file data35.txt (compact mmCIF, C-alpha atoms)
# COMPACT_ATOMS: atom_id res chain seq x y z
CA MET A 1 3.92 -7.20 -31.12
CA ASN A 2 3.02 -9.29 -34.14
CA GLU A 3 6.26 -11.25 -33.82
CA LEU A 4 5.45 -11.93 -30.19
CA LEU A 5 1.90 -12.97 -30.99
CA GLY A 6 2.88 -15.02 -34.05
CA ASP A 7 5.13 -17.58 -32.33
CA LYS A 8 3.29 -18.07 -29.08
CA SER A 9 4.98 -21.31 -28.09
CA LYS A 10 8.47 -19.74 -28.04
CA TYR A 11 7.38 -16.86 -25.84
CA GLN A 12 5.17 -18.98 -23.63
CA ARG A 13 8.28 -21.06 -22.79
CA GLN A 14 10.22 -17.87 -22.03
CA LEU A 15 7.42 -16.62 -19.80
CA GLN A 16 7.34 -19.94 -17.94
CA GLN A 17 11.11 -19.68 -17.40
CA ASN A 18 10.65 -16.13 -16.09
CA ILE A 19 8.02 -17.33 -13.67
CA ALA A 20 10.23 -20.18 -12.48
CA SER A 21 13.21 -17.88 -11.91
CA VAL A 22 11.05 -15.43 -9.94
CA ILE A 23 9.72 -18.21 -7.75
CA ARG A 24 13.21 -19.67 -7.21
CA ALA A 25 14.60 -16.26 -6.25
CA SER A 26 11.80 -15.61 -3.81
CA ALA A 27 12.21 -19.00 -2.17
CA ALA A 28 15.70 -18.03 -1.00
CA VAL A 29 14.38 -15.98 1.91
CA THR A 30 11.11 -16.79 3.64
CA THR A 31 9.58 -14.90 6.50
CA ASP A 32 8.67 -18.18 8.24
CA GLY A 33 12.32 -19.11 8.77
CA ILE A 34 13.14 -15.60 9.95
CA ASP A 35 10.19 -15.59 12.37
CA GLU A 36 11.36 -18.89 13.87
CA LYS A 37 14.86 -17.56 14.45
CA LEU A 38 13.44 -14.32 15.90
CA MET A 39 11.39 -16.29 18.44
CA GLU A 40 14.45 -18.29 19.50
CA LEU A 41 16.56 -15.16 19.91
CA GLN A 42 13.83 -13.34 21.82
CA GLN A 43 13.54 -16.24 24.26
CA GLU A 44 17.31 -16.29 24.69
CA LEU A 45 17.28 -12.50 25.22
CA VAL A 46 14.70 -12.82 28.00
CA LYS A 47 16.76 -15.57 29.71
CA LYS A 48 19.93 -13.49 29.59
CA ALA A 49 18.10 -10.38 30.83
CA ASN A 50 16.59 -12.35 33.75
CA ASN A 51 20.05 -13.69 34.64
CA LYS A 52 21.52 -10.20 34.32
CA GLU A 53 23.86 -11.38 31.55
CA ALA A 54 25.03 -9.28 28.60
CA TYR A 55 22.55 -9.48 25.75
CA ASP A 56 23.75 -6.76 23.34
CA GLU A 57 24.86 -9.28 20.71
CA ILE A 58 21.48 -11.03 20.75
CA ALA A 59 19.66 -7.69 20.54
CA ASP A 60 21.78 -6.77 17.49
CA GLN A 61 20.91 -10.11 15.86
CA ILE A 62 17.21 -9.49 16.54
CA PHE A 63 17.36 -6.04 14.94
CA ALA A 64 19.20 -7.46 11.91
CA LEU A 65 16.63 -10.24 11.52
CA ARG A 66 13.76 -7.75 11.76
CA GLU A 67 15.30 -5.76 8.91
CA LYS A 68 15.79 -8.96 6.92
CA ARG A 69 12.15 -9.90 7.53
CA GLN A 70 10.97 -6.48 6.36
CA GLN A 71 13.04 -6.85 3.17
CA ALA A 72 11.68 -10.36 2.60
CA SER A 73 8.12 -9.02 2.92
CA MET A 74 8.83 -6.27 0.39
CA ASP A 75 10.44 -8.81 -1.95
CA THR A 76 7.32 -10.97 -1.72
CA VAL A 77 5.09 -8.05 -2.73
CA GLN A 78 7.37 -7.24 -5.69
CA ARG A 79 7.44 -10.90 -6.72
CA ASP A 80 3.65 -11.10 -6.58
CA GLU A 81 3.34 -7.97 -8.75
CA GLN A 82 5.78 -9.37 -11.31
CA LEU A 83 3.98 -12.72 -11.36
CA GLN A 84 0.71 -10.88 -11.94
CA ARG A 85 2.18 -8.98 -14.92
CA ILE A 86 3.56 -12.20 -16.39
CA THR A 87 0.24 -13.98 -15.93
CA GLU A 88 -1.64 -11.10 -17.58
CA LEU A 89 0.78 -11.17 -20.50
CA GLN A 90 0.34 -14.92 -20.89
CA ASP A 91 -3.44 -14.55 -20.89
CA PHE A 92 -3.22 -11.75 -23.45
CA ILE A 93 -0.99 -13.80 -25.76
CA LYS A 94 -3.28 -16.82 -25.52
CA ASP A 95 -6.32 -14.71 -26.39
CA GLN A 96 -4.82 -13.12 -29.52
CA SER A 97 -5.87 -14.94 -32.64
CA SER A 98 -4.49 -12.76 -35.45
CA ASP A 99 -1.86 -10.16 -36.27
CA LEU A 100 -2.43 -6.58 -35.27
CA THR A 101 -3.04 -4.38 -38.30
CA VAL A 102 -3.39 -0.99 -36.61
CA PHE A 103 -1.40 0.71 -33.87
CA ASP A 104 -2.96 0.19 -30.46
CA GLU A 105 -1.72 2.86 -28.03
CA ALA A 106 -3.46 1.28 -25.02
CA LEU A 107 -1.78 -2.04 -25.77
CA VAL A 108 1.64 -0.41 -26.06
CA LYS A 109 1.24 1.51 -22.79
CA ARG A 110 0.06 -1.57 -20.97
CA TRP A 111 2.73 -4.03 -22.11
CA LEU A 112 5.77 -2.17 -23.48
CA LYS A 113 8.59 -1.10 -21.19
CA GLN A 114 11.14 0.11 -23.75
CA ILE A 115 12.55 -0.33 -27.25
CA THR A 116 16.32 -0.21 -27.75
CA ILE A 117 17.52 0.58 -31.27
CA TRP A 118 20.73 -1.16 -32.37
CA PRO A 119 22.50 -0.84 -35.74
CA THR A 120 21.26 -4.26 -36.90
CA HIS A 121 18.13 -4.84 -34.85
CA CYS A 122 15.73 -3.51 -32.23
CA THR A 123 15.19 -5.01 -28.80
CA VAL A 124 11.64 -4.74 -27.53
CA GLU A 125 11.32 -5.18 -23.77
CA LEU A 126 7.95 -5.84 -22.22
CA LYS A 127 7.03 -4.91 -18.65
CA SER A 128 7.08 -8.59 -17.74
CA GLY A 129 10.83 -8.67 -18.46
CA LEU A 130 10.50 -10.55 -21.75
CA LYS A 131 12.81 -9.23 -24.48
CA VAL A 132 12.30 -9.78 -28.21
CA ASP A 133 14.93 -8.96 -30.84
CA VAL A 134 13.46 -7.74 -34.13
CA GLU A 135 15.74 -7.72 -37.15
CA ARG A 136 15.74 -4.53 -39.24
call {"tool": "encode", "arguments": {"input": "data35.txt", "output": "structure tokens"}}
result
Amino acid sequence: MNELLGDKSKYQRQLQQNIASVIRASAAVTTDGIDEKLMELQQELVKKANNKEAYDEIADQIFALREKRQQASMDTVQRDEQLQRITELQDFIKDQSSDLTVFDEALVKRWLKQITIWPTHCTVELKSGLKVDVER
């Protein structure tokens, strides 16, 4: 934690990159575009039904788009949660003015996801996704 808090600029850049990648990934699928396509297909479905034409293919497309919309909504919630964790971590790092001198269990539970021990170093992974290698 002290290494993370000591060189704030390096980790602030990494956090900004994490935020940017999350936002870019979430922009790939938006519910607005799916909703537009759903409306078009539903109108086409009604026309075909009124004309007694086959509409099975359109109905299948509508069901597929509804599933895609549901997934996009879930992805948005996950993205928002991850952005919140990253923002909280950024605020925490900004507020820290000195090295930690005693173990803080609450801090570890709140921010630490896992520590991986390697022969030459340890990799500390925070819940925000940030990883820090600490030489032994």
call {"tool": "atom_distance", "arguments": {"input": "data35.txt", "atom1": "CA of Leu45 in chain A", "atom2": "CA of Ile58 in chain A"}}
result
6.3 Å
call {"tool": "residues_around", "arguments": {"input": "data35.txt", "residues": "Met39 in chain A", "least_positions_apart": "6", "cutoff": "12 Å", "atoms": "only C-alpha atoms", "output": "mmCIF file with C-alpha atoms, in the frame of the given file"}}
result
data_model
loop_
_atom_site.group_PDB
_atom_site.id
_atom_site.type_symbol
_atom_site.label_atom_id
_atom_site.label_comp_id
_atom_site.auth_asym_id
_atom_site.auth_seq_id
_atom_site.Cartn_x
_atom_site.Cartn_y
_atom_site.Cartn_z
ATOM 1 C CA ASP A 32 8.670 -18.180 8.240
ATOM 2 C CA GLY A 33 12.320 -19.110 8.770
ATOM 3 C CA LEU A 45 17.280 -12.500 25.220
ATOM 4 C CA VAL A 46 14.700 -12.820 28.000
ATOM 5 C CA ILE A 58 21.480 -11.030 20.750
ATOM 6 C CA GLN A 61 20.910 -10.110 15.860
ATOM 7 C CA ILE A 62 17.210 -9.490 16.540
ATOM 8 C CA LEU A 65 16.630 -10.240 11.520
ATOM 9 C CA ARG A 66 13.760 -7.750 11.760
#
call {"tool": "closest_residue", "arguments": {"input": "data35.txt", "among": "A:Trp118, A:Val108, A:Thr31, A:Asn18", "to": "Thr87 in chain A", "atoms": "all atoms listed in the file"}}
result
A:Asn18
call {"tool": "residues_around", "arguments": {"input": "data35.txt", "residues": "range 121-124 of chain A", "least_positions_apart": "6", "cutoff": "8 Å", "atoms": "only C-alpha atoms", "output": "PDB file with C-alpha atoms, in the frame of the given file"}}
result
ATOM      1  CA  LEU A 112       5.770  -2.170 -23.480  1.00  0.00           C
ATOM      2  CA  LYS A 113       8.590  -1.100 -21.190  1.00  0.00           C
ATOM      3  CA  GLN A 114      11.140   0.110 -23.750  1.00  0.00           C
ATOM      4  CA  ILE A 115      12.550  -0.330 -27.250  1.00  0.00           C
ATOM      5  CA  LYS A 131      12.810  -9.230 -24.480  1.00  0.00           C
ATOM      6  CA  VAL A 132      12.300  -9.780 -28.210  1.00  0.00           C
ATOM      7  CA  ASP A 133      14.930  -8.960 -30.840  1.00  0.00           C
ATOM      8  CA  VAL A 134      13.460  -7.740 -34.130  1.00  0.00           C
ATOM      9  CA  GLU A 135      15.740  -7.720 -37.150  1.00  0.00           C
ATOM     10  CA  ARG A 136      15.740  -4.530 -39.240  1.00  0.00           C
TER      11      ARG A 136
END
call {"tool": "atom_distance", "arguments": {"input": "data35.txt", "atom1": "CA of Glu105 in chain A", "atom2": "CA of Phe92 in chain A"}}
result
15.4 Å
call {"tool": "atom_distance", "arguments": {"input": "data35.txt", "atom1": "CA of Arg110 in chain A", "atom2": "CA of Lys127 in chain A"}}
result
8.1 Å
